Amino acid sequence: MDSFDPIVVLESWTQTLSIQSLFPSSPDEHRPLAVDIGCGKGRYLVAVAQKHPEMNFLGIDRMESRMLKVGRKLTRAGLHHVRLVRMEASYAVRHLLPAHSVSLFTVFFPDPWPKRRHQRRRLFKPAFLDNLDRAMAPGGKLHIATDHRNYFESIVALFEQDARFESIPAYEPTEDERTDFELHFTEQGKPIGRASFVKAGRSTGCTA
C-alpha cells in the first residue's frame with residue numbers, strides 16, 4: 001500500500017518554501033509549478049494532475065477536513081507530483097511561494113463575501129495582484145471562475161487596469177475538472193463567469 005502523504009507540515013510559517021524539497025527531482029529537470037488556490041475537495045486538482053505528470057501541483061486550502069479528503073484521493077491515485085498546504089491563500093502567496101516560481105495559478109469560486117461591509121475580505125484586491133505578480137514566472141497564467149457576477153466584474157476590472165497582466169481566452173475546464181462548487185451552481189442554473197490572464201514576459205512552457 002502506498003504510504004505517500006501529500007500534506008505538507010510546515011517547519012516554519014515565515015520561511016519561503018523550498019520547491020525543490022517539496023518535489024524532489026533530478027537537478028537538471030525543471031517542472032512548471034501550478035498552484036490551485038482554494039482547492040476544496042480536489043476534483044479539479046486530481047483531474048488535472050492526472051493529465052499533466054510533467055508538472056508539479058500545489059493545492060492550498062484553509063479547511064482541514066478538505067485537506068484530509070484531497071490527501072486521501074491523491075494517495076489512492078498515486079499522484080506524487082502534488083502537495084497540499086493548509087493555509088490562508090493570500091498569506092501563502094505573499095510569504096511562502098518563492099519569487100517567479102509559479103507557472104499557473106487557478107482560483108475557482110473564491111468566497112465572494114457578497115455583503116458590502118464584508119467585501120474588504122475578498123481575495124482579489126490590488127495587494128493580492130502585487131503578490132501574484134511577485135510569485136508568477138514571466139508568461140505565467142491565471143485562471144479564474146466564479147458564480148458571483150458582481151465579484152467577477154470587479155476582478156476583471158482590476159486586471160484590466162493592471163499593465164502587468166494581459167487578458168487571454170478564458171480556460172474552459174473539461175467535465176472531470178469541474179469543481180464541486182461549479183457542479184452545484186450549474187445545477188441551480190447559475191451562469192459561471194470565467195477569465196484568464198497571462199503575466200507579461202516570455203512563456204514558462206506551462207501546458208495547462
# chains A, B, ... in the order shown; residues from 1 in each chain; ligands from 1
call {"tool": "closest_atom_pairs", "arguments": {"of": "stretch 138-182 of chain A", "to": "stretch 84-105 of chain A", "cutoff": "9 Å", "atoms": "only C-alpha atoms", "output": "Markdown table"}}
result
| residue | atom | partner | partner_atom | distance |
| --- | --- | --- | --- | --- |
| A:Pro138 | CA | A:His100 | CA | 7.1 |
| A:Gly139 | CA | A:Ser103 | CA | 7.4 |
| A:Gly140 | CA | A:Ser103 | CA | 4.3 |
| A:Lys141 | CA | A:Leu104 | CA | 4.8 |
| A:Leu142 | CA | A:Phe105 | CA | 4.7 |
| A:His143 | CA | A:Phe105 | CA | 6.4 |
| A:Ile144 | CA | A:Phe105 | CA | 8.6 |
call {"tool": "write_last_selection", "arguments": {"atoms": "all heavy atoms", "output": "mmCIF file, in the first residue's frame"}}
result
data_model
loop_
_atom_site.group_PDB
_atom_site.id
_atom_site.type_symbol
_atom_site.label_atom_id
_atom_site.label_comp_id
_atom_site.auth_asym_id
_atom_site.auth_seq_id
_atom_site.Cartn_x
_atom_site.Cartn_y
_atom_site.Cartn_z
ATOM 1 N N PRO A 138 7.528 34.873 -15.463
ATOM 2 C CA PRO A 138 7.135 35.586 -16.687
ATOM 3 C C PRO A 138 6.399 34.642 -17.631
ATOM 4 O O PRO A 138 6.813 33.506 -17.854
ATOM 5 C CB PRO A 138 8.477 36.030 -17.278
ATOM 6 C CG PRO A 138 9.400 36.100 -16.100
ATOM 7 C CD PRO A 138 8.967 34.990 -15.191
ATOM 8 N N GLY A 139 5.276 35.087 -18.148
ATOM 9 C CA GLY A 139 4.469 34.251 -19.008
ATOM 10 C C GLY A 139 3.544 33.316 -18.257
ATOM 11 O O GLY A 139 2.822 32.526 -18.867
ATOM 12 N N GLY A 140 3.544 33.408 -16.917
ATOM 13 C CA GLY A 140 2.659 32.576 -16.109
ATOM 14 C C GLY A 140 1.201 32.935 -16.338
ATOM 15 O O GLY A 140 0.868 34.066 -16.706
ATOM 16 N N LYS A 141 0.318 31.966 -16.111
ATOM 17 C CA LYS A 141 -1.108 32.148 -16.367
ATOM 18 C C LYS A 141 -1.918 32.088 -15.085
ATOM 19 O O LYS A 141 -1.486 31.507 -14.087
ATOM 20 C CB LYS A 141 -1.617 31.067 -17.331
ATOM 21 C CG LYS A 141 -0.957 31.084 -18.697
ATOM 22 C CD LYS A 141 -1.439 29.915 -19.535
ATOM 23 C CE LYS A 141 -0.731 29.849 -20.877
ATOM 24 N NZ LYS A 141 -1.156 28.655 -21.660
ATOM 25 N N LEU A 142 -3.096 32.678 -15.151
ATOM 26 C CA LEU A 142 -4.043 32.657 -14.044
ATOM 27 C C LEU A 142 -5.428 32.387 -14.599
ATOM 28 O O LEU A 142 -5.885 33.077 -15.509
ATOM 29 C CB LEU A 142 -4.031 34.007 -13.314
ATOM 30 C CG LEU A 142 -5.142 34.261 -12.296
ATOM 31 C CD1 LEU A 142 -4.952 33.374 -11.064
ATOM 32 C CD2 LEU A 142 -5.162 35.730 -11.882
ATOM 33 N N HIS A 143 -6.101 31.367 -14.062
ATOM 34 C CA HIS A 143 -7.472 31.041 -14.457
ATOM 35 C C HIS A 143 -8.402 31.295 -13.271
ATOM 36 O O HIS A 143 -8.105 30.885 -12.140
ATOM 37 C CB HIS A 143 -7.599 29.578 -14.877
ATOM 38 C CG HIS A 143 -6.696 29.166 -15.997
ATOM 39 N ND1 HIS A 143 -6.427 29.978 -17.087
ATOM 40 C CD2 HIS A 143 -5.986 28.009 -16.199
ATOM 41 C CE1 HIS A 143 -5.616 29.343 -17.910
ATOM 42 N NE2 HIS A 143 -5.336 28.159 -17.395
ATOM 43 N N ILE A 144 -9.527 31.963 -13.544
ATOM 44 C CA ILE A 144 -10.481 32.344 -12.507
ATOM 45 C C ILE A 144 -11.879 31.911 -12.919
ATOM 46 O O ILE A 144 -12.233 31.972 -14.100
ATOM 47 C CB ILE A 144 -10.468 33.874 -12.299
ATOM 48 C CG1 ILE A 144 -9.073 34.365 -11.883
ATOM 49 C CG2 ILE A 144 -11.507 34.308 -11.261
ATOM 50 C CD1 ILE A 144 -8.892 35.856 -12.044
#
call {"tool": "atom_distance", "arguments": {"atom1": "atom CA of A:Ser65", "atom2": "atom CA of A:Phe181"}}
result
16.0 Å
call {"tool": "closest_residue", "arguments": {"among": "A:Arg121, A:Arg164, A:Arg194, A:His52", "to": "A:Ala137", "atoms": "only C-alpha atoms"}}
result
A:Arg164
call {"tool": "residues_around", "arguments": {"residues": "stretch 114-117 of chain A", "least_positions_apart": "4", "cutoff": "12 Å", "atoms": "only C-alpha atoms", "output": "list in words"}}
result
Pro110, Arg121, Arg122, Asp147, His148, Arg149, Asn150, Tyr151 and Phe152 of chain A
call {"tool": "atom_distance", "arguments": {"atom1": "atom CA of A:Val9", "atom2": "atom CA of A:Gly78"}}
result
19.2 Å
call {"tool": "residues_around", "arguments": {"residues": "A:Gly59", "least_positions_apart": "2", "cutoff": "12 Å", "atoms": "only C-alpha atoms", "output": "ChimeraX atom specification"}}
result
/A:6-8,33-46,48-49,56-57,61-63,66-68,70-71,74,81-89,92-93,104-108
call {"tool": "select_by_dssp", "arguments": {"residues": "stretch 80-182 of chain A", "states": "strand (DSSP E or B)", "output": "PyMOL selection string"}}
result
chain A and resi 82-86+102-108+136-146+165-168
call {"tool": "residues_around", "arguments": {"residues": "A:Phe159", "least_positions_apart": "2", "cutoff": "12 Å", "atoms": "only C-alpha atoms", "output": "number ranges by chain"}}
result
A: 124-126, 128-130, 132-133, 142, 144, 152-157, 161-168, 195-199
call {"tool": "select_by_dssp", "arguments": {"residues": "stretch 15-201 of chain A", "states": "alpha helix (DSSP H)", "output": "PyMOL selection string"}}
result
chain A and resi 19-22+43-51+64-77+89-91+126-135+149-160+180-187
